[in-house]
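Below is one structure; the comments refer to it alone.
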Amino acid sequence: MTAVSSDPIDVLRSRTSEKWAEHHSDVLPMFVAEMDYPLAEPIRRALHAAVDRGDAGYVASANPLPDAFRGYTRRRWHWDLSSATLLTTADVSMGIVEILRRVTMPGSPVVITPPVYPPFFDLLAEAGASVAAVPLRDAGDGLRLDFAALESAFAAGARAFLLCNPHNPLGSPHSRNELERVADLAASYGVTVISDEIHAPLTQPDATFTPYLSVSASARASGFAVHSASKAWNIAGLKCAIMVAEGEGPVKVLDRMPFEVAWRTGQFGMLASVAAYTDGQEWLDGVLEAIARNLDLLDRLLREHLPEVTWRRPDASYLAWLDFRGRGWGSDPAERILREAKVALSPGPGFGEPGAGFARMNIACSPELLEQAIRRIASIPPGASAAEPGARTGPGELPAPTT
Ligand SMILES: Cc1ncc(COP(=O)(O)O)c(C=O)c1O
């Protein structure tokens with residue numbers, strides 16, 4: 001395994017992508033889902049070689065990504081996609097919107113399960129659908145899908161379910177049993193399931209990610225999955241994602257997509273994704289170990305400095321969903337934390353109503369930065385501040401998208 005650690009702070013500050021460019025230099029950026037680690041060596045080599053040969057044109061229709069992805073899913077998850085249809089596009093968000101456009105009618109309700117990745121609200125709007133929110137339910141051992149409420153939403157006319165597997169912001173992969181139940185329910189009510197599996201490669205080795213389409217014939221009959229190497233290998237700016245369909249109906253949907261949808265795939269993204277899926281696992285294992293160490297550290301730091309803040313350790317991803325309600329900082333603790341501690345977290349209310357009082361912290365950074373952030377946050381006294389602004393409750397009221 002390759003040991004992976006954060007780039008030095010001067011390198012990070014010289015980066016021009018969102019995480020290190022959005023805020024003033026006195027702010028510790030722990031919001032957007034970018035990692036502070038250097039790129040995997042196989043990806044660096046693939047990109048340098050492409051630049052050297054001037055290989056920055058359009059992605060060729062015969063390209064090596066589908067085979068590289070099939071090899072990865074077989075090795076990593078024993079998921080055989082040899083007869084599946086794979087179609088690339090620019091990013092996971094675009095894949096979701098393009099599928100939704102074809103499986104819903106204008107205004108159709110589409111289920112999402114807050115607290116959930118904030119842009120899901122916007123993607124439904126972009127596809128012309130309406131939001132049917134079915135909040136996750138407290139199952140005692142964490143927030144899980146609420147099957148009774150899902151069935152009610154399906155019975156009330158939902159046309160599709162945008163599933164987040166593993167779930168962002170909780171970092172929880174859904175179990176095989178849960179996914180089978182989703183597929184059975186979806187089949188009973190004629191609902192299309194789109195499983196966003198972007199965080200799947202970031203599942204820790206002691207946890208299990210189950211691909212939605214692998215669980216049953218009913219899952220395949222009406223389901224899609226959308227994958228990308230962009231989160232796990234930190235290449236979101238290169239624009240490449242893969243839509244997956246296996247059942248007859250979903251395959252037809254992908255086959256009938258306008259040529260332009262695949263044409264928007266980034267060439268560098270395709271080349272980097274091939275390198276990631278083919279030769280990038282050793283680096284990713286190192287990243288998973290660095291994340292696990294930071295999760296241990298976060299646990300210790302919270303106990304020591306912020307004992308009222310509670311959380312559940314994620315099994316997948318580098319995002320920690322922190323419950324600040326015991327600290328008395330109102331519905332949007334991230335706002336106060338940014339203002340008073342100069343630490344940028346993702347505001348909980350953006351994740352839907354159940355996000356009030358929460359914030360999401362990106363811990364894919366150096367242990368030193370994580371420790372500094374927690375110490376800064378802990379220096380804010382508990383309880384309301386004199387300058388407390390009005391409570392924010394809805395995603396539409398937030399200043400910037402969280403990704
Ligand atoms: C669950 C989920 N889906 C989609 C995305 C965005 O992916 P993309 O940049 O490929 O659209 C993210 C980004 O963090 C995410 O967490």
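Going by the structure tokens order, chains are called A, B, ..., each with residues numbered from 1, while ligands are numbered from 1 in the order shown.
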(Q) as a ChimeraX atom specification, please: every protein or nucleic acid residue near ligand 1 (cut-off 10 Å, counting only C-alpha atoms and all ligand atoms). (A) /A:32-34,89-97,116-120,123,163-169,171,195-200,226-232,235-242,317,319,402-403
Residues from the last selection, N, CA and C atoms, saved as a compact mmCIF listing (two decimals), in the first residue's frame:
```
# COMPACT_ATOMS: atom_id res chain seq x y z
N VAL A 32 -16.39 21.77 0.65
CA VAL A 32 -16.62 21.05 -0.61
C VAL A 32 -15.82 19.72 -0.63
N ALA A 33 -16.38 18.70 -1.30
CA ALA A 33 -15.78 17.37 -1.30
C ALA A 33 -14.62 17.26 -2.29
N GLU A 34 -13.54 17.94 -1.93
CA GLU A 34 -12.25 17.76 -2.62
C GLU A 34 -11.27 17.31 -1.54
N THR A 89 -20.69 10.38 -19.52
CA THR A 89 -21.10 11.77 -19.67
C THR A 89 -20.18 12.64 -18.82
N ALA A 90 -20.52 13.94 -18.69
CA ALA A 90 -19.56 14.85 -18.05
C ALA A 90 -19.43 14.63 -16.55
N ASP A 91 -20.53 14.39 -15.87
CA ASP A 91 -20.43 14.18 -14.43
C ASP A 91 -21.67 13.45 -13.94
N VAL A 92 -21.62 13.06 -12.69
CA VAL A 92 -22.72 12.29 -12.11
C VAL A 92 -24.01 13.10 -12.13
N SER A 93 -23.89 14.40 -11.82
CA SER A 93 -25.09 15.24 -11.79
C SER A 93 -25.78 15.25 -13.15
N MET A 94 -24.98 15.36 -14.20
CA MET A 94 -25.56 15.40 -15.54
C MET A 94 -26.19 14.05 -15.89
N GLY A 95 -25.54 12.96 -15.48
CA GLY A 95 -26.10 11.64 -15.72
C GLY A 95 -27.47 11.51 -15.06
N ILE A 96 -27.56 11.97 -13.82
CA ILE A 96 -28.83 11.88 -13.08
C ILE A 96 -29.91 12.70 -13.80
N VAL A 97 -29.58 13.92 -14.15
CA VAL A 97 -30.57 14.80 -14.79
C VAL A 97 -31.02 14.21 -16.13
N VAL A 116 -29.66 14.96 2.76
CA VAL A 116 -29.02 14.40 1.56
C VAL A 116 -28.26 15.50 0.81
N TYR A 117 -27.28 15.07 0.05
CA TYR A 117 -26.44 15.92 -0.80
C TYR A 117 -27.26 17.08 -1.40
N PRO A 118 -27.00 18.34 -0.98
CA PRO A 118 -27.88 19.46 -1.33
C PRO A 118 -28.20 19.62 -2.81
N PRO A 119 -27.24 19.42 -3.75
CA PRO A 119 -27.61 19.62 -5.15
C PRO A 119 -28.70 18.67 -5.65
N PHE A 120 -29.01 17.59 -4.91
CA PHE A 120 -30.13 16.74 -5.35
C PHE A 120 -31.40 17.57 -5.53
N LEU A 123 -31.02 19.29 -8.81
CA LEU A 123 -31.02 18.40 -9.98
C LEU A 123 -32.45 18.02 -10.35
N LEU A 163 -31.61 7.53 -5.23
CA LEU A 163 -31.00 6.88 -4.07
C LEU A 163 -29.54 7.32 -3.98
N CYS A 164 -29.07 7.54 -2.78
CA CYS A 164 -27.67 7.92 -2.59
C CYS A 164 -26.98 6.77 -1.86
N ASN A 165 -26.15 6.02 -2.57
CA ASN A 165 -25.57 4.78 -2.03
C ASN A 165 -24.09 4.68 -2.40
N PRO A 166 -23.18 4.87 -1.42
CA PRO A 166 -23.35 5.24 -0.02
C PRO A 166 -23.96 6.64 0.12
N HIS A 167 -24.63 6.82 1.27
CA HIS A 167 -25.39 8.05 1.47
C HIS A 167 -24.49 9.20 1.89
N ASN A 168 -24.60 10.31 1.19
CA ASN A 168 -23.94 11.56 1.55
C ASN A 168 -25.02 12.43 2.20
N PRO A 169 -24.88 12.91 3.44
CA PRO A 169 -23.66 13.15 4.21
C PRO A 169 -23.31 12.10 5.26
N GLY A 171 -22.28 8.91 4.95
CA GLY A 171 -21.21 7.96 4.64
C GLY A 171 -21.65 6.54 4.91
N SER A 195 -29.48 5.04 -8.74
CA SER A 195 -28.59 4.91 -7.59
C SER A 195 -27.29 5.68 -7.86
N ASP A 196 -27.10 6.75 -7.11
CA ASP A 196 -25.87 7.56 -7.22
C ASP A 196 -24.80 6.88 -6.36
N GLU A 197 -23.82 6.26 -7.03
CA GLU A 197 -22.82 5.45 -6.31
C GLU A 197 -21.43 6.08 -6.38
N ILE A 198 -21.41 7.39 -6.42
CA ILE A 198 -20.14 8.11 -6.60
C ILE A 198 -19.16 7.86 -5.44
N HIS A 199 -19.69 7.64 -4.23
CA HIS A 199 -18.79 7.45 -3.08
C HIS A 199 -18.39 5.99 -2.86
N ALA A 200 -18.88 5.09 -3.73
CA ALA A 200 -18.66 3.66 -3.49
C ALA A 200 -17.19 3.25 -3.32
N VAL A 226 -25.21 5.38 -11.34
CA VAL A 226 -24.29 6.37 -11.91
C VAL A 226 -23.02 6.35 -11.07
N HIS A 227 -21.90 6.16 -11.74
CA HIS A 227 -20.59 6.05 -11.09
C HIS A 227 -19.63 7.10 -11.62
N SER A 228 -18.57 7.31 -10.88
CA SER A 228 -17.48 8.17 -11.36
C SER A 228 -16.26 7.93 -10.49
N ALA A 229 -15.09 8.12 -11.08
CA ALA A 229 -13.85 8.05 -10.30
C ALA A 229 -13.58 9.40 -9.62
N SER A 230 -14.48 10.36 -9.82
CA SER A 230 -14.16 11.75 -9.48
C SER A 230 -13.98 12.00 -7.98
N LYS A 231 -14.80 11.37 -7.12
CA LYS A 231 -14.64 11.62 -5.67
C LYS A 231 -13.45 10.85 -5.13
N ALA A 232 -13.40 9.55 -5.43
CA ALA A 232 -12.39 8.70 -4.80
C ALA A 232 -10.97 9.06 -5.23
N ILE A 235 -10.71 13.90 -8.84
CA ILE A 235 -10.55 14.45 -10.19
C ILE A 235 -11.87 15.03 -10.69
N ALA A 236 -12.65 15.64 -9.78
CA ALA A 236 -13.99 16.11 -10.16
C ALA A 236 -13.94 17.13 -11.30
N GLY A 237 -12.87 17.91 -11.37
CA GLY A 237 -12.79 18.95 -12.39
C GLY A 237 -12.56 18.40 -13.79
N LEU A 238 -12.26 17.10 -13.90
CA LEU A 238 -11.94 16.55 -15.22
C LEU A 238 -13.17 16.06 -15.99
N LYS A 239 -14.31 15.97 -15.29
CA LYS A 239 -15.61 15.75 -15.93
C LYS A 239 -15.76 14.43 -16.68
N CYS A 240 -16.00 13.40 -15.89
CA CYS A 240 -16.25 12.10 -16.50
C CYS A 240 -17.07 11.25 -15.53
N ALA A 241 -18.17 10.69 -15.99
CA ALA A 241 -18.99 9.80 -15.16
C ALA A 241 -19.57 8.72 -16.07
N ILE A 242 -20.09 7.67 -15.44
CA ILE A 242 -20.58 6.52 -16.20
C ILE A 242 -22.00 6.16 -15.75
N SER A 317 -16.61 7.36 2.48
CA SER A 317 -16.40 8.79 2.27
C SER A 317 -15.55 9.42 3.37
N LEU A 319 -16.46 12.37 4.81
CA LEU A 319 -17.34 13.44 5.27
C LEU A 319 -17.92 13.05 6.63
N THR A 402 -23.38 23.30 -1.99
CA THR A 402 -22.44 22.44 -1.30
C THR A 402 -22.23 21.23 -2.17
N THR A 403 -21.03 20.86 -2.43
CA THR A 403 -20.84 19.70 -3.27
C THR A 403 -19.81 18.77 -2.67
```
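Every residue of range 91-143 of chain A with a DSSP assignment of strand (DSSP E), taken from the backbone, is listed as Pro109, Val110, Val111, Ile112, Ser130, Val131, Ala132, Ala133, Arg137, Asp138 and Leu143 of chain A.
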With C-alpha atoms retained, export the selected residues as a compact mmCIF listing (two decimals), in the first residue's frame.
```txt
# COMPACT_ATOMS: atom_id res chain seq x y z
CA PRO A 109 -42.59 13.74 -7.87
CA VAL A 110 -39.15 12.19 -7.37
CA VAL A 111 -38.16 10.84 -3.97
CA ILE A 112 -35.00 11.93 -2.21
CA SER A 130 -40.72 18.00 -8.08
CA VAL A 131 -39.22 16.98 -4.74
CA ALA A 132 -40.91 14.23 -2.71
CA ALA A 133 -38.83 14.31 0.48
CA ARG A 137 -35.58 7.49 9.94
CA ASP A 138 -33.66 7.15 13.19
CA LEU A 143 -30.40 7.05 10.11
```
### Query
Excluding same-chain residues fewer than 4 positions from Gly286 in chain A, what lies within 6 Å of it counting only C-alpha atoms, as a ChimeraX atom specification?
/A:1-4
Applying 12 Å and only C-alpha atoms, which residues near Arg45 in chain A remain after dropping the ones on its own chain fewer than 3 positions away? List them as a ChimeraX atom specification. /A:39-42,48-52,268,271-272,274-276,279-280
Selection file, C-alpha atoms, as a compact mmCIF listing (two decimals), in the first residue's frame:
```txt
# COMPACT_ATOMS: atom_id res chain seq x y z
CA LEU A 39 -3.03 12.98 -7.28
CA ALA A 40 -2.40 9.24 -7.62
CA GLU A 41 0.83 8.64 -9.54
CA PRO A 42 -0.84 6.60 -12.35
CA HIS A 48 1.21 14.36 -18.25
CA ALA A 49 1.47 11.94 -21.18
CA ALA A 50 -1.78 13.25 -22.66
CA VAL A 51 -0.56 16.85 -22.38
CA ASP A 52 2.76 15.89 -23.98
CA PHE A 268 -8.75 14.14 -19.57
CA LEU A 271 -7.98 9.11 -19.43
CA ALA A 272 -7.63 9.76 -15.69
CA VAL A 274 -9.00 4.63 -16.91
CA ALA A 275 -5.78 5.09 -14.90
CA ALA A 276 -7.76 5.17 -11.64
CA ASP A 279 -3.88 1.15 -11.56
CA GLY A 280 -5.26 3.43 -8.85
```
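Note that CA of Trp329 in chain A and CA of Gly383 in chain A are 5.7 Å apart.
Proximity to Thr203 in chain A was assessed for A:Glu340, A:Asp7, A:Asp315, A:Glu335 counting only C-alpha atoms; the smallest distance is recorded for A:Asp315.
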field: DSSP-assigned alpha helix (DSSP H) among range 145-339 of chain A, expressed as number ranges by chain
entry: A: 147-155, 176-189, 217-222, 248-255, 259-263, 267-279, 281-305, 333-336
Compile the contact shell of range 17-25 of chain A as an mmCIF file with C-alpha atoms, in the first residue's frame: residues with an atom at most 12 Å away, counting only C-alpha atoms, same-chain residues fewer than 3 positions apart removed.
```cif
data_model
loop_
_atom_site.group_PDB
_atom_site.id
_atom_site.type_symbol
_atom_site.label_atom_id
_atom_site.label_comp_id
_atom_site.auth_asym_id
_atom_site.auth_seq_id
_atom_site.Cartn_x
_atom_site.Cartn_y
_atom_site.Cartn_z
ATOM 1 C CA ILE A 9 -0.058 23.970 2.944
ATOM 2 C CA ASP A 10 1.741 26.187 0.391
ATOM 3 C CA VAL A 11 0.854 23.729 -2.384
ATOM 4 C CA LEU A 12 -2.759 23.613 -1.211
ATOM 5 C CA ARG A 13 -2.965 27.388 -1.122
ATOM 6 C CA SER A 14 -1.666 27.510 -4.687
ATOM 7 C CA LEU A 28 -9.623 26.511 7.041
ATOM 8 C CA PRO A 29 -11.660 25.028 4.142
ATOM 9 C CA MET A 30 -13.433 21.820 5.185
ATOM 10 C CA PHE A 31 -16.550 22.087 3.065
ATOM 11 C CA VAL A 32 -16.617 21.046 -0.611
ATOM 12 C CA ALA A 33 -15.783 17.366 -1.302
ATOM 13 C CA GLU A 34 -12.252 17.755 -2.616
ATOM 14 C CA MET A 35 -9.284 16.066 -0.932
ATOM 15 C CA ASP A 36 -5.977 17.620 0.078
ATOM 16 C CA ASN A 234 -10.103 13.588 -6.509
ATOM 17 C CA ILE A 235 -10.546 14.447 -10.185
ATOM 18 C CA ALA A 236 -13.986 16.110 -10.160
ATOM 19 C CA GLY A 237 -12.789 18.947 -12.390
ATOM 20 C CA LEU A 238 -11.943 16.550 -15.222
ATOM 21 C CA LEU A 338 -17.254 30.361 9.660
ATOM 22 C CA ARG A 339 -17.788 33.796 11.157
ATOM 23 C CA LYS A 342 -12.868 30.821 10.406
ATOM 24 C CA VAL A 343 -13.532 27.180 9.573
ATOM 25 C CA ALA A 344 -15.686 26.530 6.495
ATOM 26 C CA LEU A 345 -18.061 23.562 6.884
ATOM 27 C CA SER A 346 -21.041 22.648 4.695
ATOM 28 C CA ASN A 362 -14.584 17.236 5.105
ATOM 29 C CA ALA A 364 -9.608 14.542 3.822
ATOM 30 C CA CYS A 365 -6.841 16.822 5.053
ATOM 31 C CA ALA A 400 -23.557 28.759 -2.035
ATOM 32 C CA PRO A 401 -24.052 25.221 -3.304
ATOM 33 C CA THR A 402 -22.442 22.439 -1.298
ATOM 34 C CA THR A 403 -20.843 19.701 -3.274
#
```
re CA of Pro250 in chain A and CA of Gly352 in chain A: distance 29.0 Å
Can you pull out the residues contacting Ser175 in chain A? Cut-off 9 Å, using only C-alpha atoms, and skip same-chain residues under 6 positions away; I want them as number ranges by chain. A: 208-210
Could those selected residues go to a file with N, CA and C atoms, as a PDB file, in the first residue's frame?
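Listing of part_29.pdb after writing:
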```pdb
ATOM      1  N   THR A 208     -19.080  -2.795   3.796  1.00  0.00           N
ATOM      2  CA  THR A 208     -19.470  -3.391   2.515  1.00  0.00           C
ATOM      3  C   THR A 208     -20.318  -2.435   1.704  1.00  0.00           C
ATOM      4  N   PHE A 209     -19.889  -2.193   0.476  1.00  0.00           N
ATOM      5  CA  PHE A 209     -20.724  -1.464  -0.479  1.00  0.00           C
ATOM      6  C   PHE A 209     -21.397  -2.506  -1.381  1.00  0.00           C
ATOM      7  N   THR A 210     -22.688  -2.393  -1.537  1.00  0.00           N
ATOM      8  CA  THR A 210     -23.414  -3.289  -2.436  1.00  0.00           C
ATOM      9  C   THR A 210     -23.970  -2.478  -3.605  1.00  0.00           C
TER      10      THR A 210
END
```
key: Close residues, range 104-108 of chain A itself excluded, 12 Å, only C-alpha atoms, min 6 positions apart in chain, as a ChimeraX atom specification   = /A:96-98,124-132,153-154,156-162,190-194,253
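If you measure from each of A:Gly266, A:Pro314, A:Gly57, A:Pro115 to Ala356 in chain A using only C-alpha atoms, the closest one turns out to be A:Pro115.
Here CA of Asp67 in chain A and CA of Asn177 in chain A stand 29.0 Å from one another.
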